[in-house]
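**Q** Below you'll find the structure I mean.
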Amino acid sequence: MGKLKLTIFGLFFLFSSVSAVEPFRTFTTPEGQSVVGKAVGYKGTLFILMNQQGKMMQVGFDALSADDKAYLLNAVNEGRIPQGVPKRSEITSATSNSEPDSDMSVEMESDSMTVADQDETKILRPPPTKKPTFRNGSFFSHRPVALDEDPHEVVVDIGSSIPLPGEPIDFSRHVLPIFEERCNTCHSSPHEKNGKTINPKAGVVLDDHASIIKGNASGSIVEAGKPEDSIIYEVITLSEDDDLFMPPKGGPLDSEQIDIIKRWIIEGAKESADGGGVMVGTGTLPRDDEPVSFDRHIMPLFQDRCMECHAAPYVNNGRTIKPRAGLRLDTHESVMKGNLDGPIVESGNPEESTLYYVVTLGEDEAEIMPPKGKPLSDDQIVMIKRWILEGALARPAKFAADPNAPPKVKKGLIESGENFSVVGKNDSLLSMLSKRVTSVSNAGLKDAMKSGALVTPLAERHSLVRAEFSSAASLVKDDAIDSLTKIKNNISHLDLSKTKITDQGLNKIKGFGNLTWLSLRNTLAGDRGIEAISKLQHLKYLNLVGTAVTDRSVRTLSSMKGLEEIYLLNSKVTEKGVENLRNALPDTKVVLDTLILN
Amino acid sequence: MKTSFNSIDELGRREFIANAAKACLGVGLMPMAGAYIHNSIKALEPGARPASARHIIYLNMAGAMSHLDTFGPKPDAPAIQGPTKSIQTTADDIILSEHLPEVAKHAHNSAVIRSMVTSQGAHEQASYLMHTSYLKRGTIVHPSFGSWVAKLSGEINRTIPMNVKIGGGSHGAGFLESKYGPLPIGNPESGLANSTMAEHLDQNHFQSRIDLASKMNSTFTGRFPQKQVRAYTDLYRDAVKLMRSEDLNAFDIEQEPEAMHELYGTSNFGQGCLLARRLIENQVRYVEVTRGGWDTHDNNFERVAENCSEIDKALSGLLLDLEVRGLLKETIVVLTSEFGRTPNINPRDGRDHWPYYYTAFLAGGAIKGGTSFGDTDEIGRNLSKDKPVKPEDLNATLAYALGLPLNDVQYSPSGRPFTVAHNGDPVQEVLS
């Protein structure tokens, strides 16, 4: 039986139709092994048999005894066995003891089988990351070691989950990473790739504890406590030239990994003590002392909340749906790559990471992610923060990071007091905004300078710029704004003081979305202009000294919650208006001192 | 030299013209129709970090202000304090002398460094060190800090100079191009002297004279197309343009309402501060206002009280005015002197030169408000808190806030390397 079992294990099972009236009979092999079933289809020299339980298997013509060969030839010639691979729906409708739909994981198919009629529900799970394989000893198969890392530790870190001496094997920390690294290219849950559903080879799914214990159609692959009886242990310990040796590519598991699997089976092949963490949506939360795993913790969360918009491009109704903002979150590589505006994750530094920034915004802010549904829970946010702190690696770090540790202070900066945090916040706003735009183009710069604007980057190689019309400001009129439109997303500071800008001009800057600082000192700006700029969500500083702005703008200004400073000297806003404004914006500095009226 | 420290006499006519010639060479002016295109190379050469300030108003207390009787009183050490009392301010950490009650209301926006240390005990050398960050030598003239700022940060407003000095002082562009040197203003009330057209001339008449002059010069300038010759032509052209510039108004404090003049006080220094504010409004990078009369070897307490009444009004008025106009956010106001005065009081009721642990007052958006950095023991002679701050450290702090590249090397004509703050260390504790 053992040999046949192994044979079947290595073969592919297929679905079939029972439209042909074909009786059950016993098929035997020349070696004397036998199986009861009926032929339900064929493809080339492969015959598809279905047993009485409705399970299907695929048998090579040559593997059968002469009797069976003759019988099958005869049946095909008589047209009793349909050509081709039978479809699943035909089976389920025609078979009384059809399989339950949930039994997907034990269904099997050949690689060449079409998938058009597979389960129609869209599977959003991304394909497992394709790990490049290199021949043993290849230069490229070495893991790069950062300058401040100890190479020895890094080598141990491969697998990242070596149990300490005497520590019981933990499924999620020790065993699963091995499967993830070496097995799940072929043995992961069904997923979509290039529009095709990829099912696991041999129906063996190795990406969570339940599936592993379940095994495949031929039975379980793990016998708790008995590694010698466990197929999974057997195939990894076979000699390397054996056909059934696993993994078939990339060389054998190393002895430590084999030992971990063996010990895990000996210790009872148990699930992690806490069941792998708390279920949240489709993913889990890591324990406090457990390093965050990208695959098990971050990815499920992304799948649940982000991939509606940030998945790989796919074709729907003939249209290619591209990810929003050009940002894909479907693989570790794409997460780390970010989009055209630069990376969204700065490993070790959540405060500088756009990913962390956008999920921590307030619910009423326009930029919050995800834009639909509830914001992420605190636990999920902490998980993302920890993942970034732990280095934002593809596989779990060695140690869990403390999410409450004070942020790393850049060398030379002193951390203390309230001021620091305020400035730090602004700095991170500017650096966040700067990551979203590319550096100002030469053409845009030329255009801007034609109108007499002085355009200076905030700092060397900074993508944000300050634009000002200080030289001969009185010659600058509304049309000067047009010259800035090419670089409008780069402008964070705009100084229009003393120019002849009017409300029409201000109407043109409402699209300057990254503006944080705006001076309209001594211009003709009035209430309509304020209305026009009221949607500039990043605006922090607004100088209205000497403008024609009146109390009618108080309501508009009150809606600009992001404002930190408003200067109103010599405007038409009254004391009372200022009082109302101060009440509406308690955290904003509203400056109007009538002690020195001009 | 002594006059410039003890009084703020107007500059002599000859001296003014000599200075103006130097300064005006650099006064780039907007050509008539505004077709000027800013040099994009310069525009792309800012510092390495986003600046937290863009302008500096440097209030230079020439003659060495008695720090104990102004910004660094020691109320717990009556032996050295003399009759000067201390007062609380709006910041817990900062106490000031009773002579500065109005400035005390701005302490929450200000920081006081109480551990300034210089290596020079004579006015001229110490003032040179404060302004240039380098020791005075016979072989070279170092650029003043304002010239460094002008050189490294570039101009914002092309029609007026980047660097203006009000009320005397002698530190110029040094080995840097003379256009980075300060434009000297002797008396703030009279603004930029000799910059208006003579009354009997009309525009056409004037233009024909200029044309005639250039016609007569054309043979000469054609034969000697050298830098020095061109410089004179440029001087005439720039002077004419400045004369017609709308920003010339920036120099005219008479346009301010009476209430403004009163806010700053009618003293020369107060009006200088008012002019400084007008210049900052017009995007001048660096304005220095000098106030002499601090060399109080005798009768210290009376004279300091007298001086302080001016300083208190002018400084508090300046801070208030900048704040309500939204300008304080991007401006740093500095008040310091070349050194301090002795803790012990001499028999003439005066204090003598003391280069240790004197004070520098800083205010503005880039400054961490309410900070007091450094302190001394109860005899005022030894440091008891934080670290000493050298003149180059103070200048480095300012340069850091301005976003200037601290390690940008400029070479003197003999090829020696110099940097903006002579490798000083920014005092991060006072920066926000």
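Numbering starts fresh at 1 for the residues of each chain in the structure tokens, the chains themselves are lettered A, B, ... in the order given, and ligands are numbered from 1 as they appear.
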Identify all chain A residues at most 6 Å from chain B by counting only C-alpha atoms; ligands do not count. Present them as an mmCIF file with C-alpha atoms, in the first residue's frame.
**A**
data_model
loop_
_atom_site.group_PDB
_atom_site.id
_atom_site.type_symbol
_atom_site.label_atom_id
_atom_site.label_comp_id
_atom_site.auth_asym_id
_atom_site.auth_seq_id
_atom_site.Cartn_x
_atom_site.Cartn_y
_atom_site.Cartn_z
ATOM 1 C CA ASN A 419 8.462 73.075 21.764
ATOM 2 C CA MET A 449 11.014 83.147 -12.539
ATOM 3 C CA LYS A 450 9.716 84.907 -15.602
ATOM 4 C CA THR A 456 14.117 78.541 -3.414
ATOM 5 C CA LEU A 458 13.564 74.774 1.583
ATOM 6 C CA ALA A 459 16.896 73.029 1.790
ATOM 7 C CA GLU A 460 19.357 71.331 -0.442
ATOM 8 C CA SER A 470 9.798 90.406 -2.885
ATOM 9 C CA SER A 471 11.613 92.278 -5.620
ATOM 10 C CA TYR A 567 -2.210 87.495 11.905
ATOM 11 C CA VAL A 591 -2.931 87.889 16.693
#
**Q** Could you go through region 361-404 of chain B and tell me which residues DSSP, when run on the backbone, assigns to alpha helix (DSSP H), listing them as number ranges by chain?
**A** B: 391-401
**Q** Any chance you could list, as an NGL selection string, the residues in region 336-371 of chain B that come up strand (DSSP E) when DSSP is run on the backbone?
**A** :B and (336 or 340-341 or 353-354 or 358-364 or 371)
**Q** Can you tell me, as a tab-separated table (two decimals) with C-alpha atoms, in the first residue's frame, what residues are no more than 9 Å from Tyr233 (chain A) when counting only C-alpha atoms, ignoring any on the same chain fewer than 3 positions away?
**A**
chain	number	residue	atom	x	y	z
A	221	ILE	CA	0.78	14.25	6.48
A	222	VAL	CA	1.62	14.71	10.13
A	227	PRO	CA	7.97	11.83	12.98
A	228	GLU	CA	8.90	8.52	11.36
A	229	ASP	CA	5.25	8.01	10.38
A	230	SER	CA	4.76	11.59	9.23
A	236	ILE	CA	12.33	16.10	3.70
A	237	THR	CA	14.64	13.40	4.94
A	238	LEU	CA	14.67	11.27	1.80
A	258	ILE	CA	14.70	19.48	9.85
A	261	ILE	CA	10.14	20.05	12.34
A	262	LYS	CA	11.05	16.75	13.93
A	265	ILE	CA	6.10	16.58	15.60
**Q** Which residue gives the smallest distance to Thr132 (chain B) among B:Ile94, B:Ala104, B:Ala173, B:Ala64, with only C-alpha atoms counted?
**A**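 Once distances to Thr132 (chain B) are computed over only C-alpha atoms, the minimum belongs to B:Ala173.
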